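So this one's coords-v1.cif, mmCIF, C-alpha atoms:
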```cif
data_target
loop_
_atom_site.label_atom_id
_atom_site.label_comp_id
_atom_site.auth_asym_id
_atom_site.auth_seq_id
_atom_site.Cartn_x
_atom_site.Cartn_y
_atom_site.Cartn_z
CA MET D 48 109.82 66.57 318.68
CA GLU D 49 107.59 66.92 321.70
CA ILE D 50 104.91 68.47 319.49
CA LYS D 51 105.05 65.48 317.17
CA VAL D 52 104.40 63.13 320.07
CA VAL D 53 101.38 65.18 321.15
CA LYS D 54 99.93 65.18 317.64
CA LYS D 55 100.33 61.45 317.29
CA VAL D 56 98.64 60.87 320.64
CA LEU D 57 95.76 63.19 319.65
CA GLY D 58 95.24 61.35 316.33
CA VAL D 59 94.91 57.99 318.06
CA ASN D 60 92.72 59.61 320.71
CA GLU D 61 90.32 60.99 318.10
CA ALA D 62 89.77 57.54 316.59
CA ILE D 63 88.97 55.99 319.97
CA ALA D 64 86.64 58.90 320.84
CA GLU D 65 84.74 58.14 317.62
CA GLU D 66 84.36 54.49 318.66
CA ILE D 67 83.00 55.58 322.04
CA ARG D 68 80.57 58.00 320.37
CA LYS D 69 79.26 55.19 318.15
CA THR D 70 78.77 52.82 321.07
CA LEU D 71 76.96 55.44 323.15
CA LYS D 72 74.68 56.27 320.23
CA GLU D 73 73.78 52.60 319.77
CA LYS D 74 73.06 52.23 323.48
CA LYS D 75 71.22 55.59 323.63
CA VAL D 76 73.44 56.77 326.45
CA PHE D 77 74.14 60.48 326.90
CA MET D 78 77.66 61.30 328.12
CA LEU D 79 78.76 64.54 329.73
CA ASN D 80 82.40 65.56 330.23
CA LEU D 81 82.74 67.76 333.31
CA MET D 82 85.96 69.74 333.51
CA SER D 83 87.48 72.42 335.75
CA SER D 84 90.41 73.46 337.88
CA PRO D 85 91.05 71.42 341.00
CA GLY D 86 88.77 72.47 343.82
CA SER D 87 86.13 74.29 341.82
CA GLY D 88 83.49 71.83 342.98
CA LYS D 89 82.94 69.17 340.28
CA THR D 90 82.25 66.35 342.71
CA THR D 91 79.81 68.36 344.83
CA ILE D 92 77.99 69.53 341.69
CA LEU D 93 77.66 65.91 340.58
CA LEU D 94 76.31 64.92 343.99
CA LYS D 95 73.61 67.63 343.73
CA THR D 96 72.85 66.83 340.08
CA ILE D 97 72.60 63.08 340.62
CA GLY D 98 70.38 63.72 343.62
CA GLN D 99 67.92 65.62 341.40
CA LEU D 100 68.00 63.24 338.43
CA LYS D 101 68.44 59.75 339.77
CA ASP D 102 64.74 59.02 340.24
CA ASN D 103 64.07 59.65 336.53
CA PHE D 104 67.29 58.61 334.83
CA ARG D 105 69.64 55.66 335.15
CA ILE D 106 73.01 57.26 335.87
CA GLY D 107 76.62 56.10 335.90
CA VAL D 108 79.80 58.01 336.72
CA VAL D 109 83.40 57.74 335.57
CA VAL D 110 85.75 59.75 337.78
CA GLY D 111 89.29 60.61 336.79
CA ASP D 112 92.04 61.47 339.23
CA ILE D 113 95.79 61.22 339.19
CA CYS D 114 95.58 59.04 342.24
CA THR D 115 93.26 58.38 345.21
CA THR D 116 89.62 57.25 345.19
CA TYR D 117 88.46 60.18 347.29
CA ASP D 118 85.91 61.56 344.80
CA SER D 119 84.49 58.18 343.82
CA GLU D 120 83.91 57.30 347.47
CA ARG D 121 81.85 60.48 347.88
CA LEU D 122 79.93 59.78 344.66
CA SER D 123 79.23 56.15 345.58
CA GLU D 124 77.07 57.39 348.43
CA THR D 125 74.45 58.39 345.83
CA GLY D 126 73.92 54.70 345.05
CA VAL D 127 74.73 55.02 341.33
CA PRO D 128 77.54 52.92 339.82
CA VAL D 129 80.89 54.76 339.92
CA VAL D 130 84.11 53.79 338.17
CA GLN D 131 87.31 55.39 339.37
CA ILE D 132 90.16 55.88 336.92
CA ASN D 133 93.56 56.73 338.29
CA THR D 134 95.90 58.08 335.64
CA GLU D 135 98.99 57.36 337.70
CA PRO D 136 99.69 54.07 335.84
CA PHE D 137 99.34 56.08 332.60
CA GLY D 138 102.22 58.42 333.46
CA GLY D 139 100.15 60.56 335.86
CA ASP D 140 98.22 62.14 332.99
CA CYS D 141 96.53 65.42 333.84
CA HIS D 142 93.51 64.59 331.66
CA LEU D 143 91.39 61.61 330.67
CA ALA D 144 92.31 60.33 327.23
CA ALA D 145 89.68 58.46 325.20
CA ASN D 146 91.31 55.05 325.68
CA VAL D 147 91.22 55.52 329.42
CA VAL D 148 87.54 56.56 329.34
CA GLN D 149 86.79 53.55 327.12
CA GLY D 150 88.29 51.32 329.80
CA GLY D 151 86.14 53.03 332.43
CA LEU D 152 82.94 52.68 330.38
CA SER D 153 83.61 48.96 329.91
CA GLU D 154 83.14 48.60 333.68
CA LEU D 155 79.62 50.03 333.44
CA ASP D 156 76.56 48.21 332.07
CA LEU D 157 75.68 50.73 329.33
CA ASP D 158 72.48 48.85 328.45
CA ALA D 159 71.17 49.77 331.88
CA LEU D 160 72.08 53.49 331.73
CA ASP D 161 70.65 56.71 330.25
CA LEU D 162 73.35 59.10 331.34
CA VAL D 163 77.07 58.91 332.13
CA PHE D 164 78.91 61.73 333.86
CA VAL D 165 82.66 61.84 333.34
CA GLU D 166 84.39 63.87 336.01
CA ASN D 167 87.66 64.77 334.35
CA VAL D 168 91.01 65.34 336.10
CA GLY D 169 91.21 68.82 337.68
CA ASN D 170 92.91 70.94 335.01
CA LEU D 171 91.82 73.77 332.68
CA VAL D 172 94.32 72.93 329.97
CA CYS D 173 94.77 69.40 328.67
CA PRO D 174 91.24 68.01 329.16
CA ALA D 175 90.03 70.59 326.59
CA GLU D 176 92.26 68.99 323.94
CA PHE D 177 91.13 65.41 324.34
CA GLU D 178 87.83 64.34 322.81
CA ILE D 179 86.35 61.41 324.74
CA GLY D 180 83.22 60.80 322.64
CA GLU D 181 81.00 62.93 324.88
CA ASP D 182 77.70 64.57 323.88
CA LYS D 183 78.35 67.72 325.89
CA LYS D 184 81.41 69.33 327.45
CA VAL D 185 80.82 71.42 330.55
CA VAL D 186 83.34 73.58 332.39
CA VAL D 187 83.02 74.66 336.01
CA LEU D 188 84.55 77.95 337.12
CA SER D 189 84.51 78.63 340.82
CA LEU D 190 83.79 82.30 341.52
CA PRO D 191 86.91 82.77 343.70
CA GLU D 192 89.07 81.75 340.70
CA GLY D 193 88.34 85.13 339.13
CA GLU D 194 86.73 86.46 335.98
CA ASP D 195 89.99 86.47 333.98
CA LYS D 196 90.06 82.70 333.40
CA PRO D 197 88.50 82.75 329.90
CA LEU D 198 91.31 85.07 328.77
CA LYS D 199 93.88 82.59 330.01
CA TYR D 200 92.25 79.29 329.05
CA PRO D 201 90.45 80.18 325.83
CA LEU D 202 90.39 76.64 324.42
CA MET D 203 88.43 75.28 327.38
CA PHE D 204 85.81 78.03 327.24
CA SER D 205 85.59 77.85 323.42
CA LYS D 206 84.92 74.13 323.36
CA CYS D 207 82.34 73.78 326.13
CA HIS D 208 78.57 73.75 325.66
CA ALA D 209 77.90 75.08 329.14
CA LEU D 210 79.69 76.98 331.90
CA LEU D 211 78.76 76.54 335.54
CA VAL D 212 79.87 79.53 337.61
CA ASN D 213 80.00 77.80 340.98
CA LYS D 214 80.23 79.08 344.56
CA VAL D 215 78.30 82.27 343.78
CA ASP D 216 77.50 82.34 347.52
CA PHE D 217 80.98 83.88 347.91
CA LEU D 218 79.87 86.93 345.89
CA PRO D 219 79.19 89.18 348.93
CA LEU D 220 82.87 88.90 350.00
CA SER D 221 84.25 89.12 346.48
CA ASP D 222 85.02 91.75 343.84
CA PHE D 223 84.24 89.23 341.09
CA ASN D 224 82.92 90.91 337.93
CA MET D 225 80.17 88.61 336.59
CA LYS D 226 79.39 90.92 333.66
CA ALA D 227 83.02 90.90 332.50
CA LEU D 228 83.14 87.10 332.82
CA LYS D 229 80.04 86.63 330.71
CA GLU D 230 81.23 89.05 328.02
CA ARG D 231 84.59 87.32 327.78
CA VAL D 232 83.06 83.86 327.58
CA LYS D 233 80.41 84.87 325.03
CA GLN D 234 83.09 86.49 322.87
CA LEU D 235 84.96 83.18 322.71
CA ASN D 236 81.83 81.10 322.41
CA PRO D 237 78.54 82.90 321.63
CA LYS D 238 76.43 79.74 321.97
CA ILE D 239 77.62 78.66 325.43
CA GLU D 240 75.00 78.40 328.16
CA ILE D 241 76.00 80.02 331.45
CA PHE D 242 74.55 78.99 334.82
CA GLU D 243 75.30 80.76 338.10
CA ILE D 244 75.08 78.13 340.81
CA SER D 245 75.79 77.44 344.45
CA CYS D 246 75.79 73.93 345.84
CA LYS D 247 75.61 75.42 349.33
CA THR D 248 72.41 77.46 348.81
CA GLY D 249 71.00 75.48 345.88
CA GLN D 250 70.86 78.61 343.69
CA GLY D 251 70.67 77.85 339.96
CA ILE D 252 70.76 74.04 340.32
CA ASP D 253 67.24 73.63 338.90
CA ARG D 254 68.07 75.71 335.81
CA TRP D 255 71.21 73.62 335.25
CA THR D 256 69.47 70.26 335.62
CA GLY D 257 66.66 71.59 333.39
CA TRP D 258 69.18 72.26 330.62
CA LEU D 259 70.67 68.82 331.17
CA LYS D 260 67.27 67.11 330.89
CA LYS D 261 66.56 69.00 327.68
CA SER D 262 69.96 68.04 326.23
CA LEU D 263 69.24 64.43 327.10
CA SER D 264 65.81 64.43 325.45
CA ASP D 265 67.35 66.00 322.31
CA ILE D 266 69.50 62.94 321.62
CA ARG D 267 66.95 60.23 322.43
CA MET J 11 104.56 53.43 325.52
CA GLU J 12 103.22 56.73 326.78
CA ILE J 13 105.01 56.16 330.08
CA LYS J 14 108.29 55.64 328.25
CA VAL J 15 107.92 59.00 326.48
CA VAL J 16 107.29 60.76 329.77
CA LYS J 17 110.34 59.15 331.37
CA LYS J 18 112.58 60.16 328.50
CA VAL J 19 111.37 63.74 328.64
CA LEU J 20 111.92 63.81 332.42
CA GLY J 21 115.50 62.50 332.04
CA VAL J 22 116.45 65.26 329.59
CA ASN J 23 114.63 67.78 331.79
CA GLU J 24 116.66 66.78 334.85
CA ALA J 25 119.95 67.42 333.04
CA ILE J 26 118.88 70.89 331.94
CA ALA J 27 117.59 71.70 335.44
CA GLU J 28 121.06 70.82 336.76
CA GLU J 29 122.64 73.26 334.25
CA ILE J 30 120.28 76.00 335.41
CA ARG J 31 121.07 75.26 339.06
CA LYS J 32 124.81 75.59 338.35
CA THR J 33 124.39 78.91 336.50
CA LEU J 34 122.22 80.37 339.27
CA LYS J 35 124.74 79.31 341.91
CA GLU J 36 127.59 80.97 340.02
CA LYS J 37 125.59 84.17 339.63
CA LYS J 38 124.31 84.00 343.24
CA VAL J 39 120.71 84.21 342.10
CA PHE J 40 117.94 82.62 344.17
CA MET J 41 115.09 81.12 342.12
CA LEU J 42 111.63 80.32 343.40
CA ASN J 43 109.11 78.14 341.53
CA LEU J 44 105.55 79.23 342.35
CA MET J 45 102.86 76.69 341.49
CA SER J 46 99.10 76.32 341.97
CA SER J 47 95.74 75.72 340.35
CA PRO J 48 94.50 78.37 337.95
CA GLY J 49 92.95 81.29 339.81
CA SER J 50 94.43 80.65 343.23
CA GLY J 51 96.22 84.00 343.14
CA LYS J 52 99.86 83.48 342.07
CA THR J 53 100.12 86.76 340.15
CA THR J 54 98.56 88.85 342.90
CA ILE J 55 100.83 87.22 345.50
CA LEU J 56 103.84 88.08 343.34
CA LEU J 57 102.66 91.68 343.01
CA LYS J 58 102.44 91.96 346.82
CA THR J 59 105.74 90.14 347.38
CA ILE J 60 107.66 92.18 344.80
CA GLY J 61 106.19 95.37 346.29
CA GLN J 62 107.66 94.44 349.69
CA LEU J 63 111.06 93.24 348.45
CA LYS J 64 112.00 95.34 345.46
CA ASP J 65 113.72 98.13 347.40
CA ASN J 66 116.19 95.66 348.92
CA PHE J 67 116.53 92.98 346.25
CA ARG J 68 117.02 93.02 342.49
CA ILE J 69 114.15 90.92 341.20
CA GLY J 70 113.25 89.31 337.87
CA VAL J 71 110.18 87.26 336.91
CA VAL J 72 109.57 84.45 334.43
CA VAL J 73 105.85 83.86 333.86
CA GLY J 74 104.48 80.75 332.22
CA ASP J 75 101.11 80.54 330.52
CA ILE J 76 99.64 78.41 327.76
CA CYS J 77 98.91 81.59 325.86
CA THR J 78 98.27 85.30 326.52
CA THR J 79 100.53 87.85 328.23
CA TYR J 80 97.88 88.83 330.76
CA ASP J 81 99.89 88.01 333.91
CA SER J 82 103.14 89.50 332.63
CA GLU J 83 101.40 92.79 331.82
CA ARG J 84 100.15 92.99 335.41
CA LEU J 85 103.61 92.10 336.76
CA SER J 86 105.40 94.62 334.53
CA GLU J 87 103.66 97.39 336.44
CA THR J 88 106.00 96.69 339.37
CA GLY J 89 108.90 97.92 337.25
CA VAL J 90 110.93 94.67 337.54
CA PRO J 91 111.97 92.81 334.37
CA VAL J 92 109.38 90.21 333.35
CA VAL J 93 109.76 87.47 330.73
CA GLN J 94 106.59 85.82 329.45
CA ILE J 95 106.77 82.24 328.26
CA ASN J 96 103.85 80.88 326.27
CA THR J 97 103.88 77.11 326.07
CA GLU J 98 101.52 77.06 323.09
CA PRO J 99 104.42 76.65 320.60
CA PHE J 100 105.64 73.75 322.79
CA GLY J 101 102.44 71.78 322.33
CA GLY J 102 100.44 73.80 324.88
CA ASP J 103 102.32 72.24 327.78
CA CYS J 104 100.54 72.51 331.11
CA HIS J 105 103.83 73.06 332.97
CA LEU J 106 107.17 74.79 332.49
CA ALA J 107 109.90 72.34 331.51
CA ALA J 108 113.52 73.18 332.32
CA ASN J 109 114.48 73.96 328.70
CA VAL J 110 111.65 76.47 328.49
CA VAL J 111 112.72 78.12 331.77
CA GLN J 112 116.32 78.20 330.52
CA GLY J 113 115.11 80.13 327.47
CA GLY J 114 113.24 82.55 329.73
CA LEU J 115 116.25 83.09 332.01
CA SER J 116 118.46 83.87 328.99
CA GLU J 117 116.27 86.96 328.46
CA LEU J 118 117.14 88.26 331.94
CA ASP J 119 120.48 89.81 332.99
CA LEU J 120 121.26 87.38 335.80
CA ASP J 121 124.38 89.37 336.84
CA ALA J 122 122.03 92.20 337.81
CA LEU J 123 119.59 90.06 339.86
CA ASP J 124 119.35 88.55 343.35
CA LEU J 125 116.03 86.78 343.00
CA VAL J 126 114.00 85.25 340.17
CA PHE J 127 110.36 84.27 340.62
CA VAL J 128 109.03 81.67 338.21
CA GLU J 129 105.25 81.75 338.03
CA ASN J 130 104.44 78.32 336.67
CA VAL J 131 101.46 77.37 334.49
CA GLY J 132 98.26 76.97 336.55
CA ASN J 133 98.11 73.25 337.34
CA LEU J 134 98.54 71.10 340.47
CA VAL J 135 99.79 68.05 338.59
CA CYS J 136 102.55 68.29 336.00
CA PRO J 137 104.55 71.24 337.37
CA ALA J 138 105.34 69.10 340.44
CA GLU J 139 107.11 66.58 338.22
CA PHE J 140 109.43 68.95 336.39
CA GLU J 141 112.56 70.22 338.16
CA ILE J 142 113.57 73.61 336.79
CA GLY J 143 116.74 74.21 338.84
CA GLU J 144 114.93 76.22 341.50
CA ASP J 145 116.09 76.79 345.11
CA LYS J 146 112.59 76.56 346.55
CA LYS J 147 109.25 75.23 345.34
CA VAL J 148 106.16 76.93 346.72
CA VAL J 149 102.53 75.88 346.21
CA VAL J 150 99.56 78.20 346.62
CA LEU J 151 96.21 76.79 347.71
CA SER J 152 93.30 79.15 347.60
CA LEU J 153 90.99 78.58 350.57
CA PRO J 154 87.87 78.11 348.40
CA GLU J 155 89.58 75.15 346.68
CA GLY J 156 89.01 73.13 349.84
CA GLU J 157 91.11 71.29 352.39
CA ASP J 158 91.06 67.99 350.48
CA LYS J 159 93.61 69.03 347.85
CA PRO J 160 96.68 67.45 349.54
CA LEU J 161 94.85 64.09 349.44
CA LYS J 162 94.32 64.46 345.70
CA TYR J 163 97.63 66.05 344.65
CA PRO J 164 100.11 64.47 347.06
CA LEU J 165 103.17 64.92 344.82
CA MET J 166 102.79 68.72 344.72
CA PHE J 167 102.41 69.01 348.50
CA SER J 168 105.23 66.52 349.13
CA LYS J 169 107.74 68.36 346.99
CA CYS J 170 107.16 71.96 348.06
CA HIS J 171 109.15 73.84 350.70
CA ALA J 172 106.26 76.16 351.53
CA LEU J 173 102.49 76.30 351.19
CA LEU J 174 100.64 79.59 350.92
CA VAL J 175 97.00 79.21 351.95
CA ASN J 176 95.63 82.21 350.08
CA LYS J 177 92.32 84.12 350.24
CA VAL J 178 91.84 83.39 353.95
CA ASP J 179 89.58 86.48 353.92
CA PHE J 180 86.89 84.09 352.57
CA LEU J 181 87.01 82.11 355.84
CA PRO J 182 83.88 83.75 357.38
CA LEU J 183 81.72 82.46 354.49
CA SER J 184 83.41 79.08 354.28
CA ASP J 185 83.39 75.73 356.05
CA PHE J 186 87.08 75.25 355.24
CA ASN J 187 88.84 73.10 357.86
CA MET J 188 92.28 74.68 358.32
CA LYS J 189 93.30 72.14 360.97
CA ALA J 190 92.54 69.19 358.65
CA LEU J 191 94.47 70.88 355.83
CA LYS J 192 97.55 71.38 357.96
CA GLU J 193 97.47 67.84 359.31
CA ARG J 194 97.17 66.39 355.80
CA VAL J 195 100.00 68.53 354.45
CA LYS J 196 102.31 67.85 357.40
CA GLN J 197 101.69 64.12 357.07
CA LEU J 198 102.92 64.24 353.46
CA ASN J 199 105.69 66.69 354.19
CA PRO J 200 106.60 67.31 357.84
CA LYS J 201 109.14 70.06 357.02
CA ILE J 202 106.87 72.25 354.87
CA GLU J 203 106.28 75.83 356.04
CA ILE J 204 102.63 76.92 355.96
CA PHE J 205 101.54 80.55 355.68
CA GLU J 206 97.93 81.73 355.89
CA ILE J 207 97.71 84.81 353.72
CA SER J 208 95.28 87.26 352.16
CA CYS J 209 96.37 89.65 349.44
CA LYS J 210 93.19 91.63 350.05
CA THR J 211 93.75 92.30 353.78
CA GLY J 212 97.54 91.85 353.82
CA GLN J 213 97.27 89.12 356.48
CA GLY J 214 100.37 86.91 356.68
CA ILE J 215 102.29 88.64 353.88
CA ASP J 216 105.04 89.86 356.23
CA ARG J 217 105.61 86.35 357.64
CA TRP J 218 105.83 84.96 354.10
CA THR J 219 108.28 87.58 352.85
CA GLY J 220 110.26 87.12 356.08
CA TRP J 221 110.67 83.43 355.28
CA LEU J 222 111.66 84.32 351.73
CA LYS J 223 114.32 86.79 352.91
CA LYS J 224 115.73 84.18 355.26
CA SER J 225 115.80 81.56 352.47
CA LEU J 226 117.62 84.04 350.27
CA SER J 227 120.23 84.85 352.91
CA ASP J 228 120.81 81.12 353.50
CA ILE J 229 122.13 80.60 349.97
CA ARG J 230 124.28 83.73 349.68
#
```
Output the structure of this file as structure tokens.
Amino acid sequence: MEIKVVKKVLGVNEAIAEEIRKTLKEKKVFMLNLMSSPGSGKTTILLKTIGQLKDNFRIGVVVGDICTTYDSERLSETGVPVVQINTEPFGGDCHLAANVVQGGLSELDLDALDLVFVENVGNLVCPAEFEIGEDKKVVVLSLPEGEDKPLKYPLMFSKCHALLVNKVDFLPLSDFNMKALKERVKQLNPKIEIFEISCKTGQGIDRWTGWLKKSLSDIR
Amino acid sequence: MEIKVVKKVLGVNEAIAEEIRKTLKEKKVFMLNLMSSPGSGKTTILLKTIGQLKDNFRIGVVVGDICTTYDSERLSETGVPVVQINTEPFGGDCHLAANVVQGGLSELDLDALDLVFVENVGNLVCPAEFEIGEDKKVVVLSLPEGEDKPLKYPLMFSKCHALLVNKVDFLPLSDFNMKALKERVKQLNPKIEIFEISCKTGQGIDRWTGWLKKSLSDIR
């Protein structure tokens, strides 16, 4: 019974995601769905990324959280338009469904944007199942989370176009096995791009934003 | 509509949790629900905890994961009985519902146990909403996740009896604000017990298992 409910929700979701995709294509807006566990650094990565891109691209952000506007307050400091979605009125959903993203996008002036970042709710499970009409899906894995995560959350790592291994500045104090991580991820998803980054030291941020710029130019 | 579905599921869940609670009381078994983000160290904490307690208590473990038996294989090395629950057949649920836990417990010989650890699915959202008939709820926060998590996941921190701040060995490389964390958590939940631990150095493990032993003796 529960499974039936999920399937029905996913069917409706797929249709709305397709509507979003069509709208974004018409408006020539690139949309990126950023997903991860709580605390792996999505908001800080967006702050760094927006900082590097905002002079050349018109950027908007949709931020999902169960409750609170903590992340959107931080992101607003960049000066780009930010829409906060709280899923609490939607039953405290642990992901952003397409209808919820559609509501968020309607608060942005898409004609005046090149790029929309969606910061999904912190969760490695459900966000992987819900299409939101994005051009690229990106997962963040914080180094202290460990190299076994692809084994445990295969759907997320299979579906994403890029993996950001964040907080690599912790490597000196860690027994994290980067080689094992990469092998596991590539086995699930041979085409995935992997970037080792640190928002503290700046390591790898240029390579990541370079990939992003290329992805953007590919659709325009 | 979606909210209605969630409420109905939660109502049924509550009734089954009450059944579990009654059974555990009859059998004099203490059950602990261990929750956290993916990668914050639940399995390693259980390995350490079981290592310290297994000579004096008869322990069983129920491990929840979307898929894979990775954690249960690690836990089986302790020699205690371990039941793996994969939620994939239940729609890939990102939490353990009471009916699923009840199924797991039926695989254990409760007459031969003092203590059952439930390692919940890695997620700071949904597991907080589902009662499973446990005596204590414990949340793990890994230090690299940051001190802002109680602001973003207030339900989890409000409902738990104890917080394990894990991986404190990363403190020298981190700007984590322990004081701010504790203030935020205590504001949500003045009675919560907070333990700073490291499975790598062993720091704080004795205090944590001491609390656990006391909690166990309180119900027997």
Do you have, as a tab-separated table, the list of residues of chain D lying at most 10 Å from chain J, each with its nearest atom pair and that distance in Å to one decimal, counting only C-alpha atoms and ordered by chain then number?
```
residue	atom	partner	partner_atom	distance
D:Met48	CA	J:Phe100	CA	9.3
D:Glu49	CA	J:Gly101	CA	7.1
D:Ile50	CA	J:Gly101	CA	5.0
D:Lys51	CA	J:Gly101	CA	8.6
D:Val52	CA	J:Val15	CA	8.4
D:Val53	CA	J:Gly101	CA	6.8
D:Lys54	CA	J:Gly101	CA	8.5
D:Val56	CA	J:Glu12	CA	8.7
D:Ser83	CA	J:Pro48	CA	9.5
D:Ser84	CA	J:Ser47	CA	6.3
D:Pro85	CA	J:Ser47	CA	6.4
D:Gly86	CA	J:Glu155	CA	4.0
D:Ser87	CA	J:Glu155	CA	6.0
D:Gly88	CA	J:Glu155	CA	7.9
D:Asp112	CA	J:Lys162	CA	7.5
D:Ile113	CA	J:Lys162	CA	7.4
D:Cys114	CA	J:Lys162	CA	6.6
D:Thr115	CA	J:Lys162	CA	6.2
D:Thr116	CA	J:Lys162	CA	8.6
D:Tyr117	CA	J:Lys162	CA	7.4
D:Asp118	CA	J:Lys162	CA	8.9
D:Glu135	CA	J:Ile13	CA	9.8
D:Pro136	CA	J:Ile13	CA	8.1
D:Phe137	CA	J:Ile13	CA	6.2
D:Gly138	CA	J:Ile13	CA	4.9
D:Gly139	CA	J:Val135	CA	8.0
D:Asp140	CA	J:Cys136	CA	8.1
D:Cys141	CA	J:Val135	CA	6.3
D:His142	CA	J:Val135	CA	10.0
D:Val168	CA	J:Val135	CA	9.5
D:Gly169	CA	J:Leu134	CA	8.2
D:Asn170	CA	J:Asn133	CA	6.1
D:Leu171	CA	J:Pro48	CA	7.5
D:Val172	CA	J:Cys104	CA	6.3
D:Cys173	CA	J:Cys104	CA	7.0
D:Glu176	CA	J:Gly102	CA	9.5
D:Leu188	CA	J:Gly49	CA	9.4
D:Ser189	CA	J:Pro154	CA	8.3
D:Leu190	CA	J:Pro154	CA	9.0
D:Pro191	CA	J:Pro154	CA	6.7
D:Glu192	CA	J:Gly49	CA	4.0
D:Gly193	CA	J:Gly49	CA	6.0
D:Glu194	CA	J:Gly49	CA	8.9
D:Asp195	CA	J:Gly49	CA	8.3
D:Lys196	CA	J:Gly49	CA	7.2
D:Leu198	CA	J:Thr78	CA	7.3
D:Lys199	CA	J:Thr78	CA	6.2
D:Tyr200	CA	J:Ile76	CA	7.6
D:Pro201	CA	J:Cys77	CA	8.6
D:Leu202	CA	J:Cys77	CA	10.0
D:Lys214	CA	J:Pro154	CA	8.6
D:Asp216	CA	J:Leu183	CA	8.1
D:Phe217	CA	J:Leu183	CA	6.8
D:Leu218	CA	J:Leu183	CA	9.9
D:Pro219	CA	J:Leu183	CA	9.1
D:Leu220	CA	J:Phe180	CA	6.8
D:Ser221	CA	J:Phe180	CA	8.3
D:Lys247	CA	J:Ser184	CA	9.9
```
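Between atom CA of Asn66 of chain J and atom CA of Lys223 of chain J the separation is 9.9 Å.
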Item to check | Nearest residue to Asn60 of chain D from the set D:Glu166, D:Asp222, D:Glu178, D:Asp158 (distances using only C-alpha atoms) | outcome: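 Ranked by minimum distance to Asn60 of chain D, first place goes to D:Glu178.
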Checklist entry - What separation in Å, quoted to one decimal, exists between atom CA of Asn187 of chain J and atom CA of Val110 of chain D? => result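 Between atom CA of Asn187 of chain J and atom CA of Val110 of chain D the gap works out to 24.3 Å.
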Next on the checklist: As an exercise, work out the distance from atom CA of Val92 of chain J to atom CA of Lys64 of chain J in Å and give it to one decimal place.
Outcome noted: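 Answer for the atom CA of Val92 of chain J to atom CA of Lys64 of chain J separation: 13.4 Å.
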Checklist entry - Can you tell me, as number ranges by chain, what residues are no more than 8 Å from Leu100 of chain D when counting all atoms listed in the file, ignoring any on the same chain fewer than 4 positions away? => result D: 96, 104, 256
Next on the checklist: List the spatial neighbours of Ile67 of chain D as a PyMOL selection string - criterion: any atom at most 8 Å away, all atoms listed in the file, same-chain residues fewer than 6 positions off excluded.
Outcome noted: chain D and resi 145+149+179-180
List the residues sitting within 8 Å of (91.9, 55.4, 331.9) in the file's frame, using all atoms listed in the file, as a PDB file with C-alpha atoms, in the coordinates of the input.
```pdb
ATOM      1  CA  GLY D 111      89.290  60.610 336.790  1.00  0.00           C
ATOM      2  CA  ILE D 132      90.160  55.880 336.920  1.00  0.00           C
ATOM      3  CA  ASN D 133      93.560  56.730 338.290  1.00  0.00           C
ATOM      4  CA  THR D 134      95.900  58.080 335.640  1.00  0.00           C
ATOM      5  CA  PHE D 137      99.340  56.080 332.600  1.00  0.00           C
ATOM      6  CA  LEU D 143      91.390  61.610 330.670  1.00  0.00           C
ATOM      7  CA  ALA D 144      92.310  60.330 327.230  1.00  0.00           C
ATOM      8  CA  ALA D 145      89.680  58.460 325.200  1.00  0.00           C
ATOM      9  CA  ASN D 146      91.310  55.050 325.680  1.00  0.00           C
ATOM     10  CA  VAL D 147      91.220  55.520 329.420  1.00  0.00           C
ATOM     11  CA  VAL D 148      87.540  56.560 329.340  1.00  0.00           C
ATOM     12  CA  GLN D 149      86.790  53.550 327.120  1.00  0.00           C
ATOM     13  CA  GLY D 150      88.290  51.320 329.800  1.00  0.00           C
ATOM     14  CA  GLY D 151      86.140  53.030 332.430  1.00  0.00           C
TER      15      GLY D 151
END
```
Checklist entry - Could you name the residues that touch Lys74 of chain D at 12 Å or less, counting all atoms listed in the file, but leaving out those on the same chain fewer than 6 positions away, as a PyMOL selection string? => result chain D and resi 67-68+156-163+266-267
Checklist entry - Do you know which residues are at most 9 Å from Ala175 of chain D counting only C-alpha atoms, after dropping those on the same chain fewer than 6 positions away, and could you put them as a ChimeraX atom specification? => result /D:82,142,184,202-204,206-207
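The nearest approach to Ser245 of chain D among the residues D:Lys89, D:Lys226, D:Lys183, D:Arg231, with all atoms listed in the file taken into account, belongs to D:Lys89.
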Next on the checklist: Assuming the chain letters and numbering stay as they are in my file, what does the PyMOL selection byres ((chain J and resi 213) around 12) actually select? List them as a PyMOL selection string.
Outcome noted: chain J and resi 55+58+174-179+205-212+214-219
Next on the checklist: the PyMOL selection byres ((chain J and resi 148) around 6) - which residues does that actually catch in the file I just gave you? List them as a list of chain:residue names.
Outcome noted: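 Answer for the PyMOL selection byres ((chain J and resi 148) around 6): J:Leu44, J:Lys147, J:Val149, J:Cys170, J:His171, J:Ala172, J:Leu173.
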Next on the checklist: From (80.7, 59.5, 344.6), in the file's coordinates, out to 10 Å: which residues are reached, counting all atoms listed in the file? Answer as a ChimeraX atom specification.
Outcome noted: /D:90-91,93-94,97,108-110,116-131
Would you place a box with edges along x, y and z of the file around all atoms of segment 151-163 of chain D listed there, add 8 Å to each of its six sides, and report the centre and edge lengths in Å to one decimal, as JSON?
```
{"center_x": 78.4, "center_y": 53.7, "center_z": 331.1, "size_x": 31.5, "size_y": 26.9, "size_z": 21.2}
```
